[in-house]
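**Q** For reference, this is start-v7.cif, and it has mmCIF, C-alpha atoms.
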```cif
data_work
#
loop_
_atom_site.label_atom_id
_atom_site.label_comp_id
_atom_site.auth_asym_id
_atom_site.auth_seq_id
_atom_site.Cartn_x
_atom_site.Cartn_y
_atom_site.Cartn_z
CA ASP N 587 46.84 6.56 69.25
CA PHE N 588 48.28 10.01 69.78
CA ARG N 589 51.15 8.74 71.92
CA SER N 590 52.63 6.95 68.91
CA GLY N 591 51.65 9.69 66.46
CA ILE N 592 49.08 7.46 64.72
CA GLN N 593 45.48 8.38 63.98
CA LYS N 594 42.80 6.02 62.70
CA PHE N 595 39.49 6.87 61.02
CA ARG N 596 36.60 4.60 60.09
CA VAL N 597 35.78 5.47 56.46
CA LYS N 598 34.35 4.01 53.27
CA LEU N 599 36.89 3.39 50.50
CA LEU N 600 35.05 4.30 47.30
CA ALA N 601 35.38 2.20 44.15
CA GLU N 602 37.47 3.75 41.37
CA GLY N 603 37.19 1.25 38.53
CA TYR N 604 35.16 -1.46 36.86
CA GLY N 605 34.57 -4.51 39.02
CA GLN N 606 35.40 -2.70 42.26
CA THR N 607 32.96 -2.08 45.11
CA ASP N 608 32.88 0.37 48.00
CA MET N 609 34.53 -1.06 51.11
CA ASP N 610 34.51 -0.14 54.80
CA VAL N 611 38.09 0.30 56.05
CA LEU N 612 40.14 1.89 58.79
CA CYS N 613 42.32 4.69 57.45
CA GLN N 614 45.52 4.91 59.50
CA ILE N 615 47.75 7.98 59.13
CA GLY N 616 51.31 8.19 60.46
CA LEU N 617 54.67 9.43 59.24
CA ASP N 618 55.13 6.21 57.27
CA GLY N 619 52.12 7.06 55.10
CA ILE N 620 48.41 6.37 54.69
CA GLN N 621 47.32 2.78 55.34
CA MET N 622 44.03 1.00 54.71
CA LEU N 623 43.25 -1.59 57.39
CA ASP N 624 40.63 -4.30 57.68
CA PRO N 625 38.25 -2.93 60.37
CA ALA N 626 37.60 -6.43 61.75
CA THR N 627 41.18 -7.70 62.02
CA SER N 628 43.28 -4.50 61.65
CA ARG N 629 45.30 -6.26 58.95
CA THR N 630 47.01 -3.99 56.43
CA LEU N 631 45.23 -4.03 53.08
CA ARG N 632 47.29 -1.33 51.40
CA ILE N 633 49.92 1.25 52.31
CA TYR N 634 50.71 4.50 50.50
CA PRO N 635 54.05 6.00 51.66
CA PHE N 636 53.98 9.80 51.73
CA GLU N 637 56.73 9.94 49.10
CA ALA N 638 54.24 8.26 46.74
CA VAL N 639 51.38 10.66 47.55
CA THR N 640 51.36 13.46 44.97
CA ARG N 641 48.46 15.59 46.22
CA TRP N 642 45.29 15.56 48.32
CA GLU N 643 42.11 17.59 48.69
CA VAL N 644 38.53 17.54 49.95
CA LEU N 645 36.25 16.98 46.94
CA ASP N 646 33.12 17.87 48.89
CA SER N 647 32.24 18.05 52.57
CA CYS N 648 32.19 14.26 52.97
CA ILE N 649 34.89 12.97 50.58
CA PHE N 650 38.66 13.21 51.08
CA ALA N 651 40.76 12.27 48.04
CA PHE N 652 44.46 11.75 47.52
CA TRP N 653 46.56 10.66 44.54
CA ALA N 654 49.42 8.17 44.88
CA LYS N 655 51.94 6.92 42.32
CA MET N 656 53.34 3.53 43.34
CA PRO N 657 56.39 1.94 41.63
CA ALA N 658 54.23 -0.21 39.35
CA ASP N 659 51.96 2.69 38.33
CA PHE N 660 52.45 4.69 35.13
CA GLU N 661 50.48 7.60 36.60
CA ALA N 662 49.11 8.62 39.98
CA LYS N 663 45.89 6.86 40.99
CA ARG N 664 43.06 8.52 42.89
CA ILE N 665 41.88 7.13 46.23
CA ARG N 666 38.63 8.49 47.71
CA LEU N 667 37.53 8.14 51.33
CA LYS N 668 33.98 8.96 52.41
CA SER N 669 32.92 9.86 55.94
CA SER N 670 31.31 12.69 57.92
CA SER N 671 32.34 16.26 57.15
CA TYR N 672 34.10 16.49 60.52
CA THR N 673 36.11 13.31 59.91
CA THR N 674 36.94 14.42 56.36
CA THR N 675 38.30 17.74 57.65
CA THR N 676 40.23 15.97 60.39
CA ILE N 677 41.83 13.61 57.86
CA LEU N 678 42.83 16.63 55.75
CA ASP N 679 44.41 18.32 58.78
CA THR N 680 46.22 15.15 59.85
CA VAL N 681 47.65 14.37 56.40
CA THR N 682 48.79 17.98 56.02
CA ALA N 683 50.38 18.03 59.47
CA ALA N 684 52.24 14.77 58.79
CA SER N 685 53.45 16.16 55.46
CA VAL N 686 54.73 19.34 57.13
CA GLN N 687 56.48 17.24 59.78
CA LEU N 688 58.18 15.04 57.17
CA LYS N 689 59.37 18.14 55.30
CA GLU N 690 60.88 19.54 58.49
CA ILE N 691 62.61 16.24 59.20
CA ALA N 692 64.05 16.19 55.66
CA GLU N 693 65.26 19.79 56.00
CA GLY N 694 66.76 19.15 59.43
CA LYS N 695 64.54 21.75 61.12
CA VAL N 696 63.36 19.49 63.93
CA PRO N 697 64.72 20.88 67.23
CA ASN N 698 66.99 18.83 69.44
CA SER N 699 65.53 17.38 72.63
CA SER N 700 66.90 17.52 76.16
CA ARG N 701 65.29 14.19 77.11
CA THR N 702 67.55 11.53 78.56
CA ALA N 703 68.70 8.45 76.67
CA GLU N 704 66.49 6.29 78.88
CA GLN N 705 63.40 8.33 77.97
CA LEU N 706 64.24 8.13 74.28
CA ALA N 707 64.62 4.36 74.53
CA GLU N 708 61.12 4.16 75.99
CA LYS N 709 59.81 6.30 73.14
CA LYS N 710 61.37 3.97 70.58
CA LYS N 711 59.56 0.99 72.11
CA GLY N 712 56.23 2.56 71.22
CA PHE N 713 57.35 4.09 67.95
CA ASP N 714 54.61 2.32 66.00
CA TRP N 715 54.43 4.69 63.04
CA MET N 716 57.90 3.66 61.88
CA ASN N 717 57.13 -0.08 61.86
CA LEU N 718 56.27 -0.32 58.18
CA VAL N 719 54.28 -3.51 58.69
CA LYS N 720 53.39 -5.37 55.50
CA PRO N 721 53.08 -9.10 56.31
CA PRO N 722 53.29 -11.35 53.22
CA ILE N 723 50.01 -13.09 54.15
CA GLU N 724 48.28 -9.70 53.91
CA GLU N 725 50.07 -8.70 50.72
CA LYS N 726 48.35 -11.59 48.90
CA GLU N 727 44.99 -9.88 49.37
CA HIS N 728 45.83 -7.30 46.72
CA TRP N 729 48.14 -9.29 44.43
CA VAL N 730 47.34 -9.36 40.74
CA PRO N 731 45.67 -12.74 39.96
CA ASP N 732 47.86 -15.21 38.03
CA GLU N 733 45.26 -15.63 35.29
CA ALA N 734 45.12 -11.87 34.63
CA VAL N 735 48.66 -11.64 33.20
CA ASN N 736 50.45 -13.58 30.45
CA LYS N 737 53.51 -11.34 30.07
CA CYS N 738 56.12 -9.98 32.47
CA THR N 739 55.05 -6.52 33.66
CA SER N 740 58.61 -5.24 33.25
CA CYS N 741 60.32 -6.85 30.24
CA GLY N 742 57.25 -8.19 28.41
CA SER N 743 58.47 -11.80 28.18
CA ASN N 744 55.71 -14.34 27.56
CA PHE N 745 55.10 -16.75 30.41
CA ASN N 746 55.35 -20.48 29.66
CA ALA N 747 56.61 -23.69 31.21
CA PHE N 748 60.15 -22.31 31.32
CA VAL N 749 59.42 -18.66 32.12
CA ARG N 750 57.43 -18.76 35.36
CA LYS N 751 55.31 -16.09 37.03
CA HIS N 752 56.50 -14.43 40.24
CA HIS N 753 54.70 -11.85 42.38
CA CYS N 754 56.56 -8.83 43.72
CA ARG N 755 55.78 -8.86 47.47
CA ASN N 756 55.71 -5.07 47.60
CA CYS N 757 53.54 -3.92 44.67
CA GLY N 758 51.73 -7.20 43.99
CA GLU N 759 52.42 -7.13 40.23
CA ILE N 760 53.57 -10.21 38.26
CA PHE N 761 57.09 -10.48 36.76
CA CYS N 762 59.48 -13.09 35.43
CA ASP N 763 62.36 -14.42 37.53
CA LYS N 764 64.96 -12.16 35.88
CA CYS N 765 62.95 -9.05 36.78
CA THR N 766 62.48 -10.08 40.44
CA GLN N 767 66.04 -10.76 41.51
CA GLY N 768 65.83 -8.31 44.43
CA ARG N 769 65.41 -9.60 47.98
CA THR N 770 64.66 -7.23 50.86
CA PRO N 771 62.63 -7.11 54.07
CA LEU N 772 59.58 -4.84 53.81
CA THR N 773 59.71 -3.60 57.40
CA LEU N 774 62.19 -2.39 59.99
CA ASP N 775 61.28 -5.28 62.28
CA GLU N 776 64.32 -7.29 63.38
CA ASP N 777 62.56 -10.53 62.48
CA ALA N 778 61.49 -9.35 59.01
CA THR N 779 62.45 -11.87 56.32
CA PRO N 780 63.84 -10.72 52.94
CA VAL N 781 61.26 -11.38 50.23
CA ARG N 782 61.16 -11.28 46.42
CA VAL N 783 60.59 -7.82 44.91
CA CYS N 784 60.78 -6.36 41.42
CA ASP N 785 63.61 -4.07 40.35
CA ARG N 786 61.54 -0.89 40.74
CA CYS N 787 60.29 -1.85 44.20
CA MET N 788 63.80 -2.80 45.31
CA ALA N 789 64.85 0.83 44.92
CA GLU N 790 61.60 2.15 46.42
CA VAL N 791 61.66 -0.12 49.49
CA THR N 792 65.37 0.52 50.10
CA GLN N 793 64.77 4.27 50.04
CA ARG N 794 61.71 3.95 52.27
CA LEU N 795 63.56 1.91 54.90
CA ASP N 796 66.55 4.27 54.77
CA ASN N 797 64.24 7.22 55.40
CA ALA N 798 62.56 5.36 58.25
CA LYS N 799 65.90 4.50 59.88
CA GLU N 800 67.02 8.13 59.61
CA ALA N 801 63.82 9.37 61.22
CA VAL N 802 64.01 6.79 64.02
CA ASN N 803 67.53 7.96 64.80
CA ARG N 804 66.35 11.55 65.13
CA SER N 805 65.18 11.64 68.74
CA GLY N 806 63.94 15.16 68.30
CA ALA N 807 61.74 14.04 65.44
CA MET N 808 59.96 11.50 67.63
CA LEU N 809 59.25 13.99 70.35
CA SER N 810 58.29 16.72 67.94
CA HIS N 811 55.84 14.40 66.17
CA GLU N 812 54.32 13.44 69.52
CA ASP N 813 53.91 17.12 70.36
CA LEU N 814 52.34 17.72 66.95
CA ALA N 815 49.87 14.90 67.52
CA LYS N 816 48.94 16.28 70.94
CA LYS N 817 48.37 19.73 69.46
CA LEU N 818 46.17 18.27 66.76
CA LYS N 819 44.16 16.42 69.39
CA GLU N 820 43.74 19.57 71.47
CA GLU N 821 42.67 21.54 68.40
CA MET N 822 40.16 18.85 67.40
CA ASN N 823 38.72 18.85 70.92
CA ARG N 824 38.32 22.62 70.78
CA ASN N 825 36.65 22.40 67.39
CA SER N 826 34.19 19.77 68.60
CA LYS N 827 33.20 21.86 71.63
CA ALA N 828 32.87 25.23 69.87
CA PRO N 829 30.52 25.42 66.83
CA THR N 830 31.62 27.55 63.88
CA GLY N 831 30.69 31.21 64.27
CA SER N 832 29.21 30.68 67.74
CA ARG N 833 28.87 33.46 70.29
CA PHE N 834 29.21 32.37 73.89
CA GLN N 835 26.46 33.49 76.24
CA GLY N 836 27.39 36.38 78.50
CA SER N 837 30.47 37.22 76.43
CA GLU N 838 31.21 39.46 73.48
CA THR N 839 34.02 37.18 72.27
CA ARG N 840 33.30 35.74 68.84
CA LYS N 841 34.82 32.52 67.54
CA ARG N 842 35.33 31.60 63.90
CA ASP N 843 36.64 28.57 62.03
CA VAL N 844 39.69 29.64 59.97
CA GLU N 845 42.33 27.76 58.01
CA CYS N 846 46.01 28.27 58.74
CA PRO N 847 47.58 29.44 55.43
CA THR N 848 50.78 27.50 56.21
CA CYS N 849 49.69 24.03 57.33
CA THR N 850 45.94 24.30 56.40
CA VAL N 851 44.80 23.01 59.80
CA HIS N 852 41.34 24.32 60.72
CA LEU N 853 41.37 26.35 63.93
CA GLN N 854 38.77 27.95 66.22
CA VAL N 855 40.07 31.49 66.87
CA GLU N 856 38.78 34.63 68.56
CA VAL N 857 37.72 37.27 66.04
CA PRO N 858 38.77 40.88 66.81
CA SER N 859 35.93 43.37 67.24
CA SER N 860 37.47 45.60 64.54
CA GLY N 861 40.40 45.68 62.15
CA SER N 862 42.70 42.66 62.11
CA GLU N 863 44.87 40.78 64.56
CA THR N 864 47.92 38.54 64.22
CA ILE N 865 47.59 35.11 65.81
CA GLU N 866 49.89 32.10 65.94
CA CYS N 867 48.83 28.70 64.62
CA SER N 868 48.69 26.30 67.56
CA VAL N 869 50.01 23.46 65.36
CA CYS N 870 52.80 24.85 63.15
CA GLN N 871 53.43 28.10 65.16
CA HIS N 872 53.38 30.28 62.03
CA PRO N 873 51.68 33.70 62.49
CA PHE N 874 48.85 34.91 60.25
CA LEU N 875 46.21 37.66 60.21
CA VAL N 876 42.58 37.29 61.25
CA SER N 877 40.24 40.14 60.31
CA ALA N 878 37.01 41.23 61.97
CA HIS N 879 35.02 40.53 58.80
#
```
Would you mind giving the structure from this file in structure tokens?

**A**
Amino acid sequence: DFRSGIQKFRVKLLAEGYGQTDMDVLCQIGLDGIQMLDPATSRTLRIYPFEAVTRWEVLDSCIFAFWAKMPADFEAKRIRLKSSSYTTTTILDTVTAASVQLKEIAEGKVPNSSRTAEQLAEKKKGFDWMNLVKPPIEEKEHWVPDEAVNKCTSCGSNFNAFVRKHHCRNCGEIFCDKCTQGRTPLTLDEDATPVRVCDRCMAEVTQRLDNAKEAVNRSGAMLSHEDLAKKLKEEMNRNSKAPTGSRFQGSETRKRDVECPTCTVHLQVEVPSSGSETIECSVCQHPFLVSAH
């Protein structure tokens, strides 16, 4: 959905540990992060906010990997997504573009818009990528099982008849009552109910929602992200119509697939007949050189 700045890809989530199996999911990418959705019901299975994503790369032509460190993690965990080489490259470009956009928002580089207040209100109605949707009924799908833990994840207290187990609704880990005193909604939805979270997630969720509110209030950010999504769509359409290194019949113009050194988006550009030529990235607008060879 390019109008809301969201892109979805049908991929296979590869197993990373013992007892896990590969799973078909929808990978949804927006400014709120990378989400894994159930392809049948579109329910959220897991969400990785961009502030938790430490790095990403293409491991081979068909596997995109990223590393995320959630509040309950001691180190970043790897997540691998398998699909076609085209989809893998598109995911790389989309994640990179979203990361660049978030950096510009944080640095206050997003230009102001001349749109009217009425137009901005309409934009906010469809501003799906800022609705950090994490319904409690879906959170249970990845909660740690009760029988798997006998001590509080935070303080190490042994569970018994007097020290009961409580799940953090954000990370799914198990804690005692003293370590889950925080109560906060997990989304920006007006009807969102405050739920029990651990101390670490209380800080993480509060920061996430504060960042989301700030971005929603930046009208220029909404419009700029929409423009970015449109440019990505146009670039993807050009890439799908023009094979790498192709030479069009009846023309001496050569096309080549190159990577923008700034935002790493893959572009189809005209190659000069000799020497080098400066072109402007159609996504981030940064200039770079393209040589004949």

**Q** So what does the PyMOL selection byres ((chain N and resi 735) around 10) actually pick up in this one, as a PyMOL selection string?

**A** chain N and resi 730-734+736-739+744-745+751+759-761

**Q** Would you please work out which residue, of N:Lys668, N:Lys764, N:Val597, N:Thr682, is nearest to Val639 of chain N when using all atoms listed in the file?

**A**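 Smallest separation from Val639 of chain N among the options: N:Thr682.
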
**Q** Just the number, please: distance in Å from atom CA of Glu800 of chain N to atom CA of Arg629 of chain N, one decimal.

**A**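 Spanning atom CA of Glu800 of chain N to atom CA of Arg629 of chain N is a straight-line distance of 26.1 Å.
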
**Q** Tell me which residues come within 12 Å of (50.2, 11.2, 44.3), as a PDB file with C-alpha atoms, keeping the file's coordinate frame, counting all atoms listed in the file in the file's coordinates.

**A**
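Writing the result to out_8.pdb gives the following:
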```
ATOM      1  CA  GLY N 619      52.120   7.060  55.100  1.00  0.00           C
ATOM      2  CA  ILE N 620      48.410   6.370  54.690  1.00  0.00           C
ATOM      3  CA  TYR N 634      50.710   4.500  50.500  1.00  0.00           C
ATOM      4  CA  PRO N 635      54.050   6.000  51.660  1.00  0.00           C
ATOM      5  CA  PHE N 636      53.980   9.800  51.730  1.00  0.00           C
ATOM      6  CA  GLU N 637      56.730   9.940  49.100  1.00  0.00           C
ATOM      7  CA  ALA N 638      54.240   8.260  46.740  1.00  0.00           C
ATOM      8  CA  VAL N 639      51.380  10.660  47.550  1.00  0.00           C
ATOM      9  CA  THR N 640      51.360  13.460  44.970  1.00  0.00           C
ATOM     10  CA  ARG N 641      48.460  15.590  46.220  1.00  0.00           C
ATOM     11  CA  TRP N 642      45.290  15.560  48.320  1.00  0.00           C
ATOM     12  CA  GLU N 643      42.110  17.590  48.690  1.00  0.00           C
ATOM     13  CA  ALA N 651      40.760  12.270  48.040  1.00  0.00           C
ATOM     14  CA  PHE N 652      44.460  11.750  47.520  1.00  0.00           C
ATOM     15  CA  TRP N 653      46.560  10.660  44.540  1.00  0.00           C
ATOM     16  CA  ALA N 654      49.420   8.170  44.880  1.00  0.00           C
ATOM     17  CA  LYS N 655      51.940   6.920  42.320  1.00  0.00           C
ATOM     18  CA  MET N 656      53.340   3.530  43.340  1.00  0.00           C
ATOM     19  CA  PRO N 657      56.390   1.940  41.630  1.00  0.00           C
ATOM     20  CA  ASP N 659      51.960   2.690  38.330  1.00  0.00           C
ATOM     21  CA  PHE N 660      52.450   4.690  35.130  1.00  0.00           C
ATOM     22  CA  GLU N 661      50.480   7.600  36.600  1.00  0.00           C
ATOM     23  CA  ALA N 662      49.110   8.620  39.980  1.00  0.00           C
ATOM     24  CA  LYS N 663      45.890   6.860  40.990  1.00  0.00           C
ATOM     25  CA  ARG N 664      43.060   8.520  42.890  1.00  0.00           C
ATOM     26  CA  ILE N 665      41.880   7.130  46.230  1.00  0.00           C
TER      27      ILE N 665
END
```

**Q** Pick out the residues sitting within 9 Å of Trp729 of chain N, and hand them over as a ChimeraX atom specification; count all atoms listed in the file, and ignore anything fewer than 5 positions along from it in its own chain.

**A** /N:753-755,757-760

**Q** Separation of atom CA of Glu776 of chain N and atom CA of Ile615 of chain N, in Å?

**A**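 Result for atom CA of Glu776 of chain N versus atom CA of Ile615 of chain N: 22.9 Å, one decimal.
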
**Q** Give me the result of the PyMOL selection byres ((chain N and resi 622) around 12) on this file, residue by residue, as a compact mmCIF listing (two decimals) with C-alpha atoms, in the frame of the given file.

**A**
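Everything below was put into part-v3.txt:
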```txt
# COMPACT_ATOMS: atom_id res chain seq x y z
CA GLN N 593 45.48 8.38 63.98
CA LYS N 594 42.80 6.02 62.70
CA PHE N 595 39.49 6.87 61.02
CA ARG N 596 36.60 4.60 60.09
CA VAL N 597 35.78 5.47 56.46
CA LYS N 598 34.35 4.01 53.27
CA LEU N 599 36.89 3.39 50.50
CA MET N 609 34.53 -1.06 51.11
CA ASP N 610 34.51 -0.14 54.80
CA VAL N 611 38.09 0.30 56.05
CA LEU N 612 40.14 1.89 58.79
CA CYS N 613 42.32 4.69 57.45
CA GLN N 614 45.52 4.91 59.50
CA ILE N 615 47.75 7.98 59.13
CA GLY N 616 51.31 8.19 60.46
CA GLY N 619 52.12 7.06 55.10
CA ILE N 620 48.41 6.37 54.69
CA GLN N 621 47.32 2.78 55.34
CA LEU N 623 43.25 -1.59 57.39
CA ASP N 624 40.63 -4.30 57.68
CA PRO N 625 38.25 -2.93 60.37
CA THR N 627 41.18 -7.70 62.02
CA SER N 628 43.28 -4.50 61.65
CA ARG N 629 45.30 -6.26 58.95
CA THR N 630 47.01 -3.99 56.43
CA LEU N 631 45.23 -4.03 53.08
CA ARG N 632 47.29 -1.33 51.40
CA ILE N 633 49.92 1.25 52.31
CA TYR N 634 50.71 4.50 50.50
CA PRO N 635 54.05 6.00 51.66
CA ILE N 665 41.88 7.13 46.23
CA ARG N 666 38.63 8.49 47.71
CA LEU N 667 37.53 8.14 51.33
CA VAL N 719 54.28 -3.51 58.69
CA LYS N 720 53.39 -5.37 55.50
CA GLU N 724 48.28 -9.70 53.91
CA HIS N 728 45.83 -7.30 46.72
```

**Q** If we count all atoms listed in the file and set the cut-off at 12 Å, which residues sit around Ser671 of chain N, ignoring sequence neighbours fewer than 6 positions away in its own chain? Please answer as a list in words.

**A**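 The filter keeps Val597, Val644, Leu645, Asp646, Ser647, Cys648, Ile649, Phe650, Ile677 and Leu678 of chain N.
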
**Q** Using all atoms listed in the file, which of N:Ala778, N:Cys867, N:Leu688, N:Val857 sits nearest Glu845 of chain N?

**A**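 The answer is N:Cys867, which sits nearest to Glu845 of chain N.
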
**Q** So what do you get for atom CA of Asn746 of chain N versus atom CA of Cys762 of chain N, distance-wise?

**A**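 Here the two named atoms are 10.2 Å from each other.
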
**Q** Using the chain letters and residue numbers of this document, give as a list in words the residues selected by the PyMOL selection byres ((chain N and resi 875) around 8).

**A**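 Output of the PyMOL selection byres ((chain N and resi 875) around 8): Ser862, Glu863, Thr864, Ile865, Pro873, Phe874, Val876 and Ser877 of chain N.
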
**Q** Using C-alpha atoms, can you export the residues from the last selection as a PDB file, in the frame of the given file?

**A**
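See out24.pdb below for the written result:
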```
ATOM      1  CA  SER N 862      42.700  42.660  62.110  1.00  0.00           C
ATOM      2  CA  GLU N 863      44.870  40.780  64.560  1.00  0.00           C
ATOM      3  CA  THR N 864      47.920  38.540  64.220  1.00  0.00           C
ATOM      4  CA  ILE N 865      47.590  35.110  65.810  1.00  0.00           C
ATOM      5  CA  PRO N 873      51.680  33.700  62.490  1.00  0.00           C
ATOM      6  CA  PHE N 874      48.850  34.910  60.250  1.00  0.00           C
ATOM      7  CA  VAL N 876      42.580  37.290  61.250  1.00  0.00           C
ATOM      8  CA  SER N 877      40.240  40.140  60.310  1.00  0.00           C
TER       9      SER N 877
END
```

**Q** Within 9 Å of Glu856 of chain N, counting all atoms listed in the file, which residues show up once you throw out same-chain ones fewer than 4 positions away? Write them as a ChimeraX atom specification, please.

**A** /N:839-842,876

**Q** Between N:Ala878, N:Tyr672, N:Gly742, N:Glu866, which residue has the minimum interatomic distance to Thr848 of chain N, considering only C-alpha atoms?

**A**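 Once distances to Thr848 of chain N are computed over only C-alpha atoms, the minimum belongs to N:Glu866.
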